[in-house]
file entry.cif (mmCIF, C-alpha atoms)
data_coords
loop_
_atom_site.group_PDB
_atom_site.id
_atom_site.type_symbol
_atom_site.label_atom_id
_atom_site.label_comp_id
_atom_site.auth_asym_id
_atom_site.auth_seq_id
_atom_site.Cartn_x
_atom_site.Cartn_y
_atom_site.Cartn_z
ATOM 1 C CA MET A 24 -148.021 -11.462 -88.995
ATOM 2 C CA LYS A 25 -145.272 -13.693 -90.436
ATOM 3 C CA CYS A 26 -143.150 -10.610 -91.082
ATOM 4 C CA PHE A 27 -143.572 -9.464 -87.473
ATOM 5 C CA VAL A 28 -142.604 -12.917 -86.133
ATOM 6 C CA SER A 29 -139.609 -13.016 -88.483
ATOM 7 C CA ILE A 30 -138.410 -9.597 -87.318
ATOM 8 C CA LEU A 31 -138.959 -10.542 -83.686
ATOM 9 C CA LEU A 32 -136.981 -13.790 -84.094
ATOM 10 C CA THR A 33 -134.159 -11.925 -85.861
ATOM 11 C CA LEU A 34 -133.969 -9.384 -83.056
ATOM 12 C CA MET A 35 -133.975 -12.147 -80.461
ATOM 13 C CA VAL A 36 -131.158 -14.014 -82.239
ATOM 14 C CA PHE A 37 -129.027 -10.881 -82.579
ATOM 15 C CA GLY A 38 -129.838 -9.889 -79.033
ATOM 16 C CA LEU A 39 -128.828 -13.319 -77.773
ATOM 17 C CA GLU A 40 -125.641 -13.248 -79.853
ATOM 18 C CA TYR A 41 -124.764 -9.830 -78.470
ATOM 19 C CA ASP A 42 -125.415 -11.006 -74.913
ATOM 20 C CA ILE A 43 -123.180 -14.056 -75.347
ATOM 21 C CA GLN A 44 -120.391 -11.922 -76.801
ATOM 22 C CA ALA A 45 -120.734 -9.328 -74.038
ATOM 23 C CA GLN A 46 -120.503 -12.046 -71.397
ATOM 24 C CA SER A 47 -117.428 -13.512 -73.040
ATOM 25 C CA LYS A 48 -115.437 -10.288 -72.676
ATOM 26 C CA LYS A 49 -113.577 -10.194 -69.380
ATOM 27 C CA THR A 50 -111.134 -7.832 -67.724
ATOM 28 C CA ILE A 51 -108.885 -9.327 -65.066
ATOM 29 C CA ILE A 52 -106.764 -7.041 -62.927
ATOM 30 C CA LEU A 53 -103.910 -8.735 -61.086
ATOM 31 C CA VAL A 54 -101.841 -7.176 -58.313
ATOM 32 C CA ARG A 55 -99.297 -8.232 -55.804
ATOM 33 C CA HIS A 56 -100.174 -7.289 -52.240
ATOM 34 C CA ALA A 57 -98.961 -3.892 -51.053
ATOM 35 C CA GLU A 58 -96.032 -3.396 -48.691
ATOM 36 C CA LYS A 59 -96.251 -5.613 -45.636
ATOM 37 C CA ASP A 60 -95.247 -4.812 -42.084
ATOM 38 C CA VAL A 61 -91.701 -6.092 -41.567
ATOM 39 C CA SER A 62 -91.151 -4.569 -38.130
ATOM 40 C CA GLU A 63 -89.870 -6.733 -35.298
ATOM 41 C CA SER A 64 -93.334 -6.867 -33.746
ATOM 42 C CA ALA A 65 -95.013 -7.968 -37.003
ATOM 43 C CA ASP A 66 -96.458 -11.436 -37.420
ATOM 44 C CA LYS A 67 -93.779 -13.158 -39.526
ATOM 45 C CA ARG A 68 -96.166 -15.666 -41.121
ATOM 46 C CA ASP A 69 -99.149 -13.412 -41.847
ATOM 47 C CA PRO A 70 -98.260 -9.732 -41.452
ATOM 48 C CA VAL A 71 -100.638 -6.850 -42.017
ATOM 49 C CA LEU A 72 -99.814 -3.997 -44.359
ATOM 50 C CA SER A 73 -97.345 -1.330 -43.320
ATOM 51 C CA PRO A 74 -98.528 2.306 -43.353
ATOM 52 C CA GLU A 75 -96.990 2.581 -46.855
ATOM 53 C CA GLY A 76 -98.922 -0.514 -47.869
ATOM 54 C CA VAL A 77 -102.201 0.936 -46.586
ATOM 55 C CA ARG A 78 -101.573 4.070 -48.675
ATOM 56 C CA ARG A 79 -100.740 1.932 -51.711
ATOM 57 C CA ALA A 80 -103.987 -0.056 -51.274
ATOM 58 C CA GLU A 81 -105.926 3.217 -51.325
ATOM 59 C CA LEU A 82 -103.975 4.336 -54.389
ATOM 60 C CA LEU A 83 -104.822 1.024 -56.084
ATOM 61 C CA ARG A 84 -108.512 1.558 -55.325
ATOM 62 C CA ASP A 85 -108.355 4.941 -57.024
ATOM 63 C CA LYS A 86 -106.194 3.777 -59.938
ATOM 64 C CA ILE A 87 -108.554 0.985 -61.001
ATOM 65 C CA LYS A 88 -111.807 2.795 -60.191
ATOM 66 C CA LYS A 89 -112.732 3.091 -63.894
ATOM 67 C CA TYR A 90 -112.746 -0.709 -64.304
ATOM 68 C CA LYS A 91 -115.604 -1.144 -61.808
ATOM 69 C CA PRO A 92 -114.695 -4.685 -60.712
ATOM 70 C CA GLY A 93 -117.641 -6.981 -60.157
ATOM 71 C CA ALA A 94 -115.660 -9.548 -58.153
ATOM 72 C CA VAL A 95 -112.672 -9.313 -55.843
ATOM 73 C CA PHE A 96 -110.371 -12.256 -55.110
ATOM 74 C CA SER A 97 -107.498 -12.593 -52.669
ATOM 75 C CA THR A 98 -105.354 -15.261 -51.139
ATOM 76 C CA ASN A 99 -106.249 -15.920 -47.516
ATOM 77 C CA TYR A 100 -103.550 -13.682 -46.017
ATOM 78 C CA LYS A 101 -104.004 -10.394 -44.197
ATOM 79 C CA ARG A 102 -101.696 -8.469 -46.546
ATOM 80 C CA THR A 103 -103.539 -9.520 -49.714
ATOM 81 C CA MET A 104 -106.982 -9.051 -48.184
ATOM 82 C CA MET A 105 -106.006 -5.595 -46.916
ATOM 83 C CA THR A 106 -104.688 -4.655 -50.370
ATOM 84 C CA VAL A 107 -108.058 -5.199 -52.058
ATOM 85 C CA ASP A 108 -110.262 -4.265 -49.101
ATOM 86 C CA PRO A 109 -110.619 -0.597 -50.184
ATOM 87 C CA ILE A 110 -111.741 -1.787 -53.634
ATOM 88 C CA ALA A 111 -114.211 -4.279 -52.177
ATOM 89 C CA LYS A 112 -115.659 -1.636 -49.866
ATOM 90 C CA ARG A 113 -116.031 0.908 -52.653
ATOM 91 C CA ARG A 114 -117.743 -1.659 -54.889
ATOM 92 C CA LYS A 115 -119.731 -3.192 -52.002
ATOM 93 C CA LYS A 116 -118.293 -6.630 -52.783
ATOM 94 C CA THR A 117 -117.196 -9.472 -50.540
ATOM 95 C CA ILE A 118 -113.596 -10.554 -50.949
ATOM 96 C CA GLN A 119 -113.533 -14.140 -52.175
ATOM 97 C CA THR A 120 -110.493 -16.191 -51.236
ATOM 98 C CA TYR A 121 -108.643 -18.539 -53.545
ATOM 99 C CA ASP A 122 -105.832 -21.022 -53.134
ATOM 100 C CA PRO A 123 -102.649 -19.747 -54.857
ATOM 101 C CA GLN A 124 -101.647 -23.395 -55.343
ATOM 102 C CA ALA A 125 -104.828 -24.015 -57.385
ATOM 103 C CA GLN A 126 -104.633 -21.166 -59.868
ATOM 104 C CA GLN A 127 -106.221 -23.083 -62.733
ATOM 105 C CA LYS A 128 -109.349 -23.465 -60.602
ATOM 106 C CA LEU A 129 -109.467 -19.673 -60.162
ATOM 107 C CA VAL A 130 -108.962 -19.069 -63.891
ATOM 108 C CA ASP A 131 -111.753 -21.528 -64.734
ATOM 109 C CA GLU A 132 -114.062 -19.826 -62.229
ATOM 110 C CA ILE A 133 -113.349 -16.415 -63.748
ATOM 111 C CA ILE A 134 -113.808 -17.575 -67.348
ATOM 112 C CA ASN A 135 -117.053 -19.400 -66.548
ATOM 113 C CA SER A 136 -118.465 -16.548 -64.476
ATOM 114 C CA LYS A 137 -121.090 -14.133 -65.738
ATOM 115 C CA THR A 138 -119.111 -11.368 -64.049
ATOM 116 C CA LYS A 139 -117.088 -9.292 -66.510
ATOM 117 C CA ARG A 140 -114.467 -7.523 -64.390
ATOM 118 C CA PHE A 141 -112.247 -8.962 -61.646
ATOM 119 C CA VAL A 142 -109.490 -7.920 -59.275
ATOM 120 C CA VAL A 143 -107.162 -10.613 -57.966
ATOM 121 C CA ALA A 144 -104.511 -10.030 -55.294
ATOM 122 C CA GLY A 145 -101.655 -12.435 -54.786
ATOM 123 C CA HIS A 146 -97.932 -12.576 -54.126
ATOM 124 C CA SER A 147 -94.632 -11.818 -55.866
ATOM 125 C CA ASN A 148 -94.225 -15.446 -56.898
ATOM 126 C CA THR A 149 -97.868 -16.190 -57.785
ATOM 127 C CA VAL A 150 -99.284 -13.173 -59.641
ATOM 128 C CA PRO A 151 -96.885 -13.297 -62.624
ATOM 129 C CA LEU A 152 -97.503 -17.038 -62.949
ATOM 130 C CA LEU A 153 -101.260 -16.430 -62.814
ATOM 131 C CA ALA A 154 -100.881 -13.858 -65.607
ATOM 132 C CA ASN A 155 -98.971 -16.452 -67.658
ATOM 133 C CA LEU A 156 -101.698 -19.010 -67.030
ATOM 134 C CA ILE A 157 -104.446 -16.618 -68.128
ATOM 135 C CA ILE A 158 -102.690 -15.587 -71.346
ATOM 136 C CA ASN A 159 -101.359 -19.104 -71.973
ATOM 137 C CA LYS A 160 -97.778 -17.857 -72.511
ATOM 138 C CA GLU A 161 -94.669 -17.905 -70.345
ATOM 139 C CA ILE A 162 -93.820 -14.201 -70.361
ATOM 140 C CA PHE A 163 -93.762 -12.970 -66.775
ATOM 141 C CA LYS A 164 -91.243 -13.944 -64.111
ATOM 142 C CA PRO A 165 -91.717 -13.754 -60.324
ATOM 143 C CA LEU A 166 -91.387 -10.234 -58.997
ATOM 144 C CA ASP A 167 -88.477 -8.963 -56.999
ATOM 145 C CA GLU A 168 -89.292 -8.841 -53.296
ATOM 146 C CA SER A 169 -89.185 -5.020 -53.426
ATOM 147 C CA GLU A 170 -91.642 -4.691 -56.354
ATOM 148 C CA TYR A 171 -95.139 -3.570 -55.365
ATOM 149 C CA ALA A 172 -96.172 -1.119 -58.091
ATOM 150 C CA THR A 173 -97.223 -3.338 -61.019
ATOM 151 C CA ILE A 174 -100.806 -3.895 -62.124
ATOM 152 C CA TRP A 175 -101.617 -6.391 -64.865
ATOM 153 C CA VAL A 176 -104.773 -5.623 -66.829
ATOM 154 C CA ILE A 177 -105.669 -8.624 -68.943
ATOM 155 C CA ARG A 178 -108.574 -8.467 -71.352
ATOM 156 C CA LEU A 179 -110.086 -11.661 -72.666
ATOM 157 C CA ASN A 180 -112.469 -12.077 -75.559
ATOM 158 C CA LYS A 181 -114.261 -15.420 -75.764
ATOM 159 C CA GLY A 182 -111.783 -16.868 -73.287
ATOM 160 C CA LYS A 183 -108.726 -15.840 -75.315
ATOM 161 C CA PRO A 184 -106.252 -13.052 -74.478
ATOM 162 C CA ALA A 185 -107.076 -9.902 -76.422
ATOM 163 C CA LYS A 186 -104.846 -7.364 -74.656
ATOM 164 C CA VAL A 187 -102.381 -7.229 -71.771
ATOM 165 C CA GLU A 188 -101.375 -3.952 -70.164
ATOM 166 C CA LEU A 189 -98.905 -3.333 -67.377
ATOM 167 C CA LEU A 190 -99.702 -0.278 -65.299
ATOM 168 C CA SER A 191 -97.792 1.277 -62.463
ATOM 169 C CA TYR A 192 -99.220 2.780 -59.312
#
call {"tool": "encode", "arguments": {"input": "entry.cif", "output": "structure tokens"}}
result
Amino acid sequence: MKCFVSILLTLMVFGLEYDIQAQSKKTIILVRHAEKDVSESADKRDPVLSPEGVRRAELLRDKIKKYKPGAVFSTNYKRTMMTVDPIAKRRKKTIQTYDPQAQQKLVDEIINSKTKRFVVAGHSNTVPLLANLIINKEIFKPLDESEYATIWVIRLNKGKPAKVELLSY
């Protein structure tokens, strides 16, 4: 009986250790919103996506399909929400909004979450800075206003950067 209990306890400890390690691995996908409507009739403060932007949002959905995001975040602007909407619909997730001026709060929420995979949409001047904050290094600079095709895939292990990839779409 003691042997059985010992084996059971060992399995439980290893199982618990594995579960903690699995929860500590995160994948964070960061994107700038897709092309916005800049026509004369567009809302200057909060424009929707242009037709090119809508196509890019669909391309993004397909490009990151393999990551199976468990949470989708966006700033509270139409262009960012529309960029991740196809992903949220495919994954049957609600888009959660975050304040781009409180990025540390978002990073803390992601790191402390039980969710393992995230998509975060932001802006040319916020996404690179968010990437820097997550990896704790000043590497990325704000994007040029014409840059829409970069995806950051940041993998964390136990809250520390393990791998950073830049993809194009």
call {"tool": "residues_around", "arguments": {"input": "entry.cif", "residues": "range 90-96 of chain A", "least_positions_apart": "3", "cutoff": "6 Å", "atoms": "all atoms listed in the file", "output": "list of chain:residue names"}}
result
A:Ile87, A:Ile118, A:Gln119, A:Thr120, A:Arg140, A:Phe141, A:Val142, A:Val143
call {"tool": "resolve_selection", "arguments": {"input": "entry.cif", "expression": "the PyMOL selection byres ((chain A and resi 106) around 6)", "output": "list in words"}}
result
His56, Ala57, Ala80, Thr103, Met104, Met105, Val107 and Asp108 of chain A
call {"tool": "atom_distance", "arguments": {"input": "entry.cif", "atom1": "CA of Glu170 in chain A", "atom2": "CA of Arg79 in chain A"}}
result
12.2 Å
call {"tool": "resolve_selection", "arguments": {"input": "entry.cif", "expression": "the PyMOL selection byres ((chain A and resi 154-167) around 9)", "output": "PyMOL selection string"}}
result
chain A and resi 53+55+126-127+130+146-153+168-171+175+177+179+182-185+187
call {"tool": "resolve_selection", "arguments": {"input": "entry.cif", "expression": "the PyMOL selection byres ((chain A and resi 73) around 10)", "output": "NGL selection string"}}
result
:A and (57-62 or 65 or 70-72 or 74-79 or 102)
call {"tool": "closest_residue", "arguments": {"input": "entry.cif", "among": "A:Lys86, A:Lys186, A:Lys101, A:Lys49", "to": "Asp66 in chain A", "atoms": "all atoms listed in the file"}}
result
A:Lys101
call {"tool": "atom_distance", "arguments": {"input": "entry.cif", "atom1": "CA of Thr50 in chain A", "atom2": "CA of Val176 in chain A"}}
result
6.8 Å
call {"tool": "atom_distance", "arguments": {"input": "entry.cif", "atom1": "CA of Arg84 in chain A", "atom2": "CA of Thr173 in chain A"}}
result
13.6 Å
call {"tool": "closest_residue", "arguments": {"input": "entry.cif", "among": "A:Leu190, A:Tyr121, A:Glu63, A:Lys48", "to": "Asn135 in chain A", "atoms": "all atoms listed in the file"}}
result
A:Lys48
call {"tool": "closest_residue", "arguments": {"input": "entry.cif", "among": "A:Pro123, A:Arg113, A:Lys137, A:Lys67", "to": "Leu83 in chain A", "atoms": "all atoms listed in the file"}}
result
A:Arg113
call {"tool": "closest_residue", "arguments": {"input": "entry.cif", "among": "A:Leu82, A:Lys139, A:Asp122, A:Thr98", "to": "Asp69 in chain A", "atoms": "only C-alpha atoms"}}
result
A:Thr98
call {"tool": "closest_residue", "arguments": {"input": "entry.cif", "among": "A:Ile52, A:Lys112, A:Ser64, A:Gly145", "to": "Lys89 in chain A", "atoms": "only C-alpha atoms"}}
result
A:Ile52
call {"tool": "closest_residue", "arguments": {"input": "entry.cif", "among": "A:Val54, A:Glu132, A:Thr117, A:Ser47", "to": "Asn180 in chain A", "atoms": "only C-alpha atoms"}}
result
A:Ser47
